[in-house]
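Contents: one structure, followed by commentary.
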Amino acid sequence: MSRRSLRTQPGSFAIFLLASFLLFASSSDLAHASQTPQRSVVAGDDARITFRRLFKLSTPELIEIVVRENSDAATYEIRQLDDDPGSLPFTVSAALRAKMFALAGQLNHFEAQDLDVHRRIASLGEKTFRWQRGPEIHETKFNYTLNLAATQLLQIFEGLARQQEHFDILSRRIKYDRLGMNDALIECDADYTRGLLPEPQTLLPLMDQIAGDAHLVDIARQRARNLADRIRHPK
């Protein structure tokens, strides 16, 4: 090897390293620029699950609950079909939402899901699960299902509906039917005992209000205190 080649080799190698570094940096910047908008779009899409049950000649005839993946804020509508439509706000905890969306994931977000048993059984009301994230929408309808994930999700939604029914009834009794408060508390207590209320702690402020209301009969106030204590300190 000549002296000239020995002198120029280190410089050529340095230039090669510099060119490789610049090419790598440019490629990384382009990849990052192409990925960033995709991540922001996904983060901006708030997935939601809607549950709807339509059961004519029952009470209530209509239940509709909407839960968002990234927000405690949810809505519910529980009424007879002849009543004026309108949803009301309530909250669903992050832990319960995570469980609900995990179950929806097991059901492929309701895409191409036939959940009904397709047997001759009594009508139990038409249930609808609906998934939406941005323009992506999937839904499935059924009367009765044996699918485990669907059954668990249905129990959560129906439990949330019962929970909000108790909240509404107890709130009305405080204002308009104080003598009927104890009967309403007995029904709420029974559902709590059977484990039908997914998040009974949301009823605690109302229970404390009832327990401290001197205008209510003592038996109702004591029942509210006992139920609140059981909710706060479950066995």
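In the structure tokens, each chain is lettered A, B, ... as it comes, each chain's residues begin at 1, and ligands are numbered from 1 in order of appearance.
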All residues 10 Å or closer to Ala104 in chain A, only C-alpha atoms, same chain fewer than 2 positions away omitted, as a count of residues only
18
Would you list the contacts of range 73-80 of chain A as a VMD selection string, taking every protein, DNA or RNA residue within 6 Å and counting only C-alpha atoms, but skipping same-chain residues closer than 4 positions in sequence?
chain A and resid 60 to 67 87 to 91
Can you list, as a list in words, every protein, DNA or RNA residue that comes within 10 Å of Val92 in chain A when you count only C-alpha atoms, leaving out same-chain residues fewer than 3 positions away?
Val67, Arg68, Glu69, Ser71, Asp72, Ala73, Ala74, Thr75, Ala95, Leu96, Arg97, Leu160, Pro198, Glu199 and Thr202 of chain A
Keeping only N, CA and C atoms, take the residues you just selected and write them out as a PDB file, in the first residue's frame.
ATOM      1  N   VAL A  67     -70.913   5.156  27.758  1.00  0.00           N
ATOM      2  CA  VAL A  67     -69.699   5.220  28.578  1.00  0.00           C
ATOM      3  C   VAL A  67     -68.524   5.539  27.659  1.00  0.00           C
ATOM      4  N   ARG A  68     -67.679   6.470  28.073  1.00  0.00           N
ATOM      5  CA  ARG A  68     -66.509   6.874  27.295  1.00  0.00           C
ATOM      6  C   ARG A  68     -65.253   6.219  27.874  1.00  0.00           C
ATOM      7  N   GLU A  69     -64.338   5.868  27.001  1.00  0.00           N
ATOM      8  CA  GLU A  69     -63.136   5.164  27.441  1.00  0.00           C
ATOM      9  C   GLU A  69     -62.215   6.055  28.271  1.00  0.00           C
ATOM     10  N   SER A  71     -62.944   9.046  29.922  1.00  0.00           N
ATOM     11  CA  SER A  71     -63.590  10.050  30.763  1.00  0.00           C
ATOM     12  C   SER A  71     -64.534   9.383  31.754  1.00  0.00           C
ATOM     13  N   ASP A  72     -64.560   9.909  32.986  1.00  0.00           N
ATOM     14  CA  ASP A  72     -65.523   9.432  33.979  1.00  0.00           C
ATOM     15  C   ASP A  72     -66.944   9.829  33.604  1.00  0.00           C
ATOM     16  N   ALA A  73     -67.091  10.862  32.785  1.00  0.00           N
ATOM     17  CA  ALA A  73     -68.413  11.390  32.439  1.00  0.00           C
ATOM     18  C   ALA A  73     -69.154  10.420  31.525  1.00  0.00           C
ATOM     19  N   ALA A  74     -70.310   9.967  31.984  1.00  0.00           N
ATOM     20  CA  ALA A  74     -71.169   9.074  31.212  1.00  0.00           C
ATOM     21  C   ALA A  74     -72.578   9.661  31.214  1.00  0.00           C
ATOM     22  N   THR A  75     -73.466   9.070  30.423  1.00  0.00           N
ATOM     23  CA  THR A  75     -74.860   9.521  30.398  1.00  0.00           C
ATOM     24  C   THR A  75     -75.787   8.315  30.483  1.00  0.00           C
ATOM     25  N   ALA A  95     -61.646   2.221  36.779  1.00  0.00           N
ATOM     26  CA  ALA A  95     -61.480   0.774  36.943  1.00  0.00           C
ATOM     27  C   ALA A  95     -62.626   0.015  36.281  1.00  0.00           C
ATOM     28  N   LEU A  96     -63.852   0.481  36.487  1.00  0.00           N
ATOM     29  CA  LEU A  96     -64.990  -0.208  35.887  1.00  0.00           C
ATOM     30  C   LEU A  96     -64.999  -0.018  34.376  1.00  0.00           C
ATOM     31  N   ARG A  97     -64.640   1.174  33.909  1.00  0.00           N
ATOM     32  CA  ARG A  97     -64.573   1.400  32.465  1.00  0.00           C
ATOM     33  C   ARG A  97     -63.542   0.498  31.816  1.00  0.00           C
ATOM     34  N   LEU A 160     -75.626  -0.787  36.313  1.00  0.00           N
ATOM     35  CA  LEU A 160     -75.533   0.677  36.328  1.00  0.00           C
ATOM     36  C   LEU A 160     -76.915   1.308  36.193  1.00  0.00           C
ATOM     37  N   PRO A 198     -72.938  -2.058  40.535  1.00  0.00           N
ATOM     38  CA  PRO A 198     -71.504  -2.103  40.213  1.00  0.00           C
ATOM     39  C   PRO A 198     -70.657  -1.130  41.026  1.00  0.00           C
ATOM     40  N   GLU A 199     -71.187   0.051  41.308  1.00  0.00           N
ATOM     41  CA  GLU A 199     -70.421   1.065  42.040  1.00  0.00           C
ATOM     42  C   GLU A 199     -71.307   1.733  43.091  1.00  0.00           C
ATOM     43  N   THR A 202     -71.122   5.399  44.771  1.00  0.00           N
ATOM     44  CA  THR A 202     -71.646   6.640  44.202  1.00  0.00           C
ATOM     45  C   THR A 202     -72.934   7.080  44.899  1.00  0.00           C
TER      46      THR A 202
END
Can you pull out every residue from range 8-224 of chain A that DSSP, working from the backbone, puts in helix (DSSP H, G or I), and format the result as JSON, numbers by chain?
{"A": [8, 9, 10, 11, 12, 13, 14, 15, 16, 17, 18, 19, 20, 21, 22, 23, 24, 25, 26, 27, 28, 29, 30, 31, 32, 33, 34, 35, 36, 37, 38, 39, 40, 41, 42, 43, 44, 94, 95, 96, 97, 98, 99, 100, 101, 102, 103, 104, 105, 106, 108, 109, 110, 148, 149, 150, 151, 152, 153, 154, 155, 156, 157, 158, 159, 160, 161, 162, 163, 164, 165, 166, 167, 168, 169, 170, 171, 172, 173, 174, 175, 176, 178, 179, 180, 181, 182, 183, 184, 185, 186, 187, 188, 189, 190, 191, 192, 193, 200, 201, 202, 203, 204, 205, 206, 207, 208, 209, 210, 211, 218, 219, 220, 221, 222, 223, 224]}
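Using only C-alpha atoms, the smallest distance between any of A:Leu124, A:Ile210, A:Ile169, A:Leu103 and Leu54 in chain A comes from A:Leu124.
If you look at CA of Arg230 in chain A and CA of Thr59 in chain A, they are 28.5 Å away from each other.
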Could you give me, as a PyMOL selection string, each residue of range 3-235 of chain A that DSSP assigns to strand (DSSP E) when run on this structure's backbone?
chain A and resi 48-54+62-68+73-79+88-91+126-133+136-142
Might you pull out every residue within 12 Å of Arg120 in chain A, with only C-alpha atoms counted and same-chain residues fewer than 4 positions away left off, and present them as a PDB file with C-alpha atoms, in the first residue's frame?
ATOM      1  CA  ASP A 116     -78.119 -14.235  20.104  1.00  0.00           C
ATOM      2  CA  LEU A 124     -86.538 -10.338  27.097  1.00  0.00           C
ATOM      3  CA  ASN A 143     -82.536 -10.948  22.851  1.00  0.00           C
ATOM      4  CA  TYR A 144     -80.637 -13.478  24.953  1.00  0.00           C
TER       5      TYR A 144
END
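When only C-alpha atoms are used to measure the gap to Cys188 in chain A, the shortest distance among A:Gln163, A:Asn70, A:Gln201, A:Ser93 belongs to A:Gln163.
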If you count only C-alpha atoms, the residue of A:Ala94, A:Asp191, A:His138, A:Glu126 closest to Ala112 in chain A turns out to be A:His138
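Of the residues under consideration (A:Thr50, A:Asp189, A:Phe55, A:Arg178), A:Thr50 shows the shortest atom-to-atom contact distance to Glu139 in chain A when counting only C-alpha atoms.
The nearest approach to Lys235 in chain A among the residues A:Thr193, A:Ser123, A:Asn182, A:Asn147, with only C-alpha atoms taken into account, belongs to A:Thr193.
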Could you state the separation of CA of Ile186 in chain A and CA of Lys127 in chain A in Å, given to one decimal place?
28.5 Å
